[in-house]
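Since the structure comes first, as C-alpha cells, the remarks are kept for the end.
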Amino acid sequence: MNSEKTKKPLSRRSKAHLIILAVTILLFIIELVRSNSYIEVESFEYKNDKLPQGFDGARIVSVTDYHNHGGTYEDKLIEKIKAQKPDYIFLVGDIIDSTFTKLDVQKSFLEKCVGVAPCYLVFGNHEQRLSSEQKSEYLENAKQAGVTVLDNEIVPLTRNGDTLYLVGTSSMGGFTDVEEQAKALDKSAPLLWIHHYPENFKEISQESQSLGFGSMLLFCGHAHGGLIRIPFTRIGAVAPGQGLLPEYTGGEYFEGDDEMLLSRGCGNSGVSRRLFDPFEIIVCELKAG
Ligand SMILES: [Fe+2]
C-alpha cells in the first residue's frame with residue numbers, strides 16, 4: 001500500500017484566487033505607505049466680488065495637524081509649502097503632539113515656516129493639552145520665530161494698500177473679545193477665520209454673520225480626513241469630535257455665503273493609521289471680482 005500522499009496541482013481557479021489575493025495585499029501595502037508618507041497639495045480658488053483688488057492673487061497655505069513629525073519629513077513639507085509661493089501661512093492647530101511632545105521640533109518647524117511667509121497660528125486640542133510649562137515654552141518659541149498666535153483675536157492683513165481681517169480662535173465660545181474688536185472694523189470685505197475644529201463650522205458661520213460680515217472663509221483641520229477613506233469620495237471612517245462617519249472630512253464646505261476649507265492634515269498622532277488618506281496641505285488663491 002502506498003502511504004505517500006500525492007500533491008494535487010492547483011486548479012486554474014485557485015491560482016487566479018491566489019494571484020488576486022497577492023495583488024490586493026501588495027496594493028494595500030503600497031497604499032498604506034503612500035497614505036502615511038506622501039504629501040498632497042489641494043488647490044482651491046476663493047472668488048468673491050467683495051475681495052479688495054489688493055488681495056487679488058494672494059495665496060494662503062493652510063497647514064494643520066503636523067504633530068511635531070520632524071526629521072526629513074519636515075524638510076519635505078517645508079519644500080511643499082515653499083513651492084506654493086504663499087503670501088501667508090495659516091498654522092491651524094496641532095502643530096505639536098501632546099503625547100509625544102517635541103518642542104525642539106515645533107521651534108524648528110515654526111522658524112522654517114516664517115522663512116517662507118508670515119505665519120498666523122491657533123491652538124488645537126494638542127496645544128490645549130500641554131502643561132503650563134510646555135505651553136509657555138511653545139508660545140516663547142512662536143514669539144521668537146515671529147509667528148503671530150491668535151487667541152480670540154482679530155488682526156488686519158494688508159496687501160497692496162488693501163486690508164482684510166483675520167480672526168483666530170482656539171476654542172468655541174468666549175467670542176466677547178472678538179465681538180468687541182469687530183465693532184470698529186470695516187465689514188465690507190469677506191472675513192478670514194482660522195479655527196482647528198471643523199465641527200464648529202455652523203456656529204462660526206453664525207458668529208461671523210452676527211459680527212456683521214457678509215461672507216467668511218474659514219480654515220480648519222483636526223479631522224485627519226476621517227483616517228480611512230473610501231477612494232474618490234469624502235467618506236471617512238472616524239474623526240475626533242465627530243465620531244463615526246463624520247460630516248466633515250476634507251475639502252470645501254458651504255453655509256450660505258460662508259465657506260470652510262478643511263485640510264486632512266499633514267501628520268499623525270502616534271501610530272500611522274491612514275488609508276486612502278494621504279497627508280495634505282491646502283493652498284487657496286484669492287480672486288477679487
Ligand atoms: Fe486636533
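Residues in the C-alpha cells are numbered from 1 in each chain, the chains being A, B, ... in the order shown, and ligands are numbered from 1 in the order shown.
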
Protein and nucleic residues near ligand 1, 12 Å, only C-alpha atoms and all ligand atoms, as a ChimeraX atom specification: /A:64-67,92-98,122-129,170-171,195-199,220-226,239-242,263-269

Which of region 29-102 of chain A fall in strand (DSSP E), as a PyMOL selection string: chain A and resi 39-48+59-63+88-92

Helix (DSSP H, G or I) call set, DSSP backbone run, region 131-264 of chain A, as JSON, numbers by chain: {"A": [132, 133, 134, 135, 136, 137, 138, 139, 140, 141, 142, 143, 144, 145, 176, 177, 178, 179, 180, 181, 182, 198, 199, 200, 201, 202, 203, 204, 205, 206, 207, 208, 209, 210, 211, 224, 225, 226]}

Can I get the selected residues back with C-alpha atoms, as a PDB file, in the first residue's frame?
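The new file result.pdb reads:
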```pdb
ATOM      1  CA  SER A 132       1.570  75.181  31.581  1.00  0.00           C
ATOM      2  CA  GLU A 133       5.410  74.963  31.377  1.00  0.00           C
ATOM      3  CA  GLN A 134       5.220  73.388  27.913  1.00  0.00           C
ATOM      4  CA  LYS A 135       2.666  75.994  26.795  1.00  0.00           C
ATOM      5  CA  SER A 136       4.957  78.805  27.935  1.00  0.00           C
ATOM      6  CA  GLU A 137       7.878  77.309  26.003  1.00  0.00           C
ATOM      7  CA  TYR A 138       5.646  76.766  22.939  1.00  0.00           C
ATOM      8  CA  LEU A 139       4.494  80.400  22.997  1.00  0.00           C
ATOM      9  CA  GLU A 140       8.037  81.668  23.569  1.00  0.00           C
ATOM     10  CA  ASN A 141       9.251  79.605  20.566  1.00  0.00           C
ATOM     11  CA  ALA A 142       6.437  81.079  18.448  1.00  0.00           C
ATOM     12  CA  LYS A 143       7.258  84.601  19.597  1.00  0.00           C
ATOM     13  CA  GLN A 144      10.991  84.167  18.938  1.00  0.00           C
ATOM     14  CA  ALA A 145      10.251  82.764  15.471  1.00  0.00           C
ATOM     15  CA  THR A 176     -16.745  88.516  23.545  1.00  0.00           C
ATOM     16  CA  ASP A 177     -13.203  89.727  22.773  1.00  0.00           C
ATOM     17  CA  VAL A 178     -13.715  89.161  19.038  1.00  0.00           C
ATOM     18  CA  GLU A 179     -17.099  90.913  19.112  1.00  0.00           C
ATOM     19  CA  GLU A 180     -15.574  93.885  20.908  1.00  0.00           C
ATOM     20  CA  GLN A 181     -12.684  94.143  18.403  1.00  0.00           C
ATOM     21  CA  ALA A 182     -15.008  93.753  15.399  1.00  0.00           C
ATOM     22  CA  PRO A 198     -14.461  71.807  11.636  1.00  0.00           C
ATOM     23  CA  GLU A 199     -17.468  70.581  13.621  1.00  0.00           C
ATOM     24  CA  ASN A 200     -17.914  74.217  14.733  1.00  0.00           C
ATOM     25  CA  PHE A 201     -18.421  75.496  11.147  1.00  0.00           C
ATOM     26  CA  LYS A 202     -22.141  76.269  11.525  1.00  0.00           C
ATOM     27  CA  GLU A 203     -21.666  78.166  14.825  1.00  0.00           C
ATOM     28  CA  ILE A 204     -18.709  80.120  13.442  1.00  0.00           C
ATOM     29  CA  SER A 205     -20.691  80.997  10.329  1.00  0.00           C
ATOM     30  CA  GLN A 206     -23.499  82.339  12.546  1.00  0.00           C
ATOM     31  CA  GLU A 207     -20.987  84.242  14.660  1.00  0.00           C
ATOM     32  CA  SER A 208     -19.409  85.807  11.580  1.00  0.00           C
ATOM     33  CA  GLN A 209     -22.853  86.901  10.358  1.00  0.00           C
ATOM     34  CA  SER A 210     -23.699  88.394  13.730  1.00  0.00           C
ATOM     35  CA  LEU A 211     -20.383  90.276  13.694  1.00  0.00           C
ATOM     36  CA  HIS A 224      -7.387  63.932   9.682  1.00  0.00           C
ATOM     37  CA  GLY A 225      -9.571  63.198   6.668  1.00  0.00           C
ATOM     38  CA  GLY A 226     -11.535  60.560   8.555  1.00  0.00           C
TER      39      GLY A 226
END
```

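By only C-alpha atoms, and with residues fewer than 6 positions from region 56-62 of chain A along its chain excluded, the set lying at most 8 Å from it is Ile81, Gln84, Lys85, Pro86, Asp87, Tyr88, Ile89, Phe90, Leu91, Val92, Phe219, Ser263, Ile281, Ile282, Val283, Cys284, Glu285, Leu286, Lys287 and Ala288 of chain A.
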
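Of the residues listed (A:Asp277, A:Val271, A:Met260, A:Tyr253), A:Asp277 shows the shortest atom-to-atom separation from Ile235 (chain A); distances use only C-alpha atoms.
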
Polymer residues at most 10 Å from Ile78 (chain A), only C-alpha atoms, same-chain spacing of 2 or more positions, as a PyMOL selection string: chain A and resi 73-76+80-83+109+112-113+115-116

I'd like a table as CSV: residues in region 248-281 of chain A with an atom no more than 12 Å from region 7-29 of chain A, each row giving the shortest atom pair and its distance in Å to one decimal, only C-alpha atoms counted, sorted by chain and rising residue number.
```
residue,atom,partner,partner_atom,distance
A:Arg274,CA,A:Phe28,CA,11.5
A:Leu275,CA,A:Phe28,CA,8.6
A:Phe276,CA,A:Phe28,CA,9.4
```

Using the selection just defined, write its residues with C-alpha atoms as a PDB file, in the first residue's frame.
```pdb
ATOM      1  CA  ARG A 274      -4.355  56.417   7.437  1.00  0.00           C
ATOM      2  CA  LEU A 275      -5.664  54.549   4.424  1.00  0.00           C
ATOM      3  CA  PHE A 276      -6.601  56.217   1.129  1.00  0.00           C
TER       4      PHE A 276
END
```

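Going from CA of Asp257 (chain A) to CA of Ser215 (chain A) covers 5.3 Å.
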
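Every protein, DNA or RNA residue with an atom at most 6 Å from Met216 (chain A), where only C-alpha atoms count and chain neighbours fewer than 3 positions away do not, is listed here: Pro190, Leu191, Leu192 and Asp258 of chain A.
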
From A:Ile230, A:Leu217, A:Leu245, A:Trp193, residue lying nearest Asn48 (chain A) [only C-alpha atoms]: A:Leu217
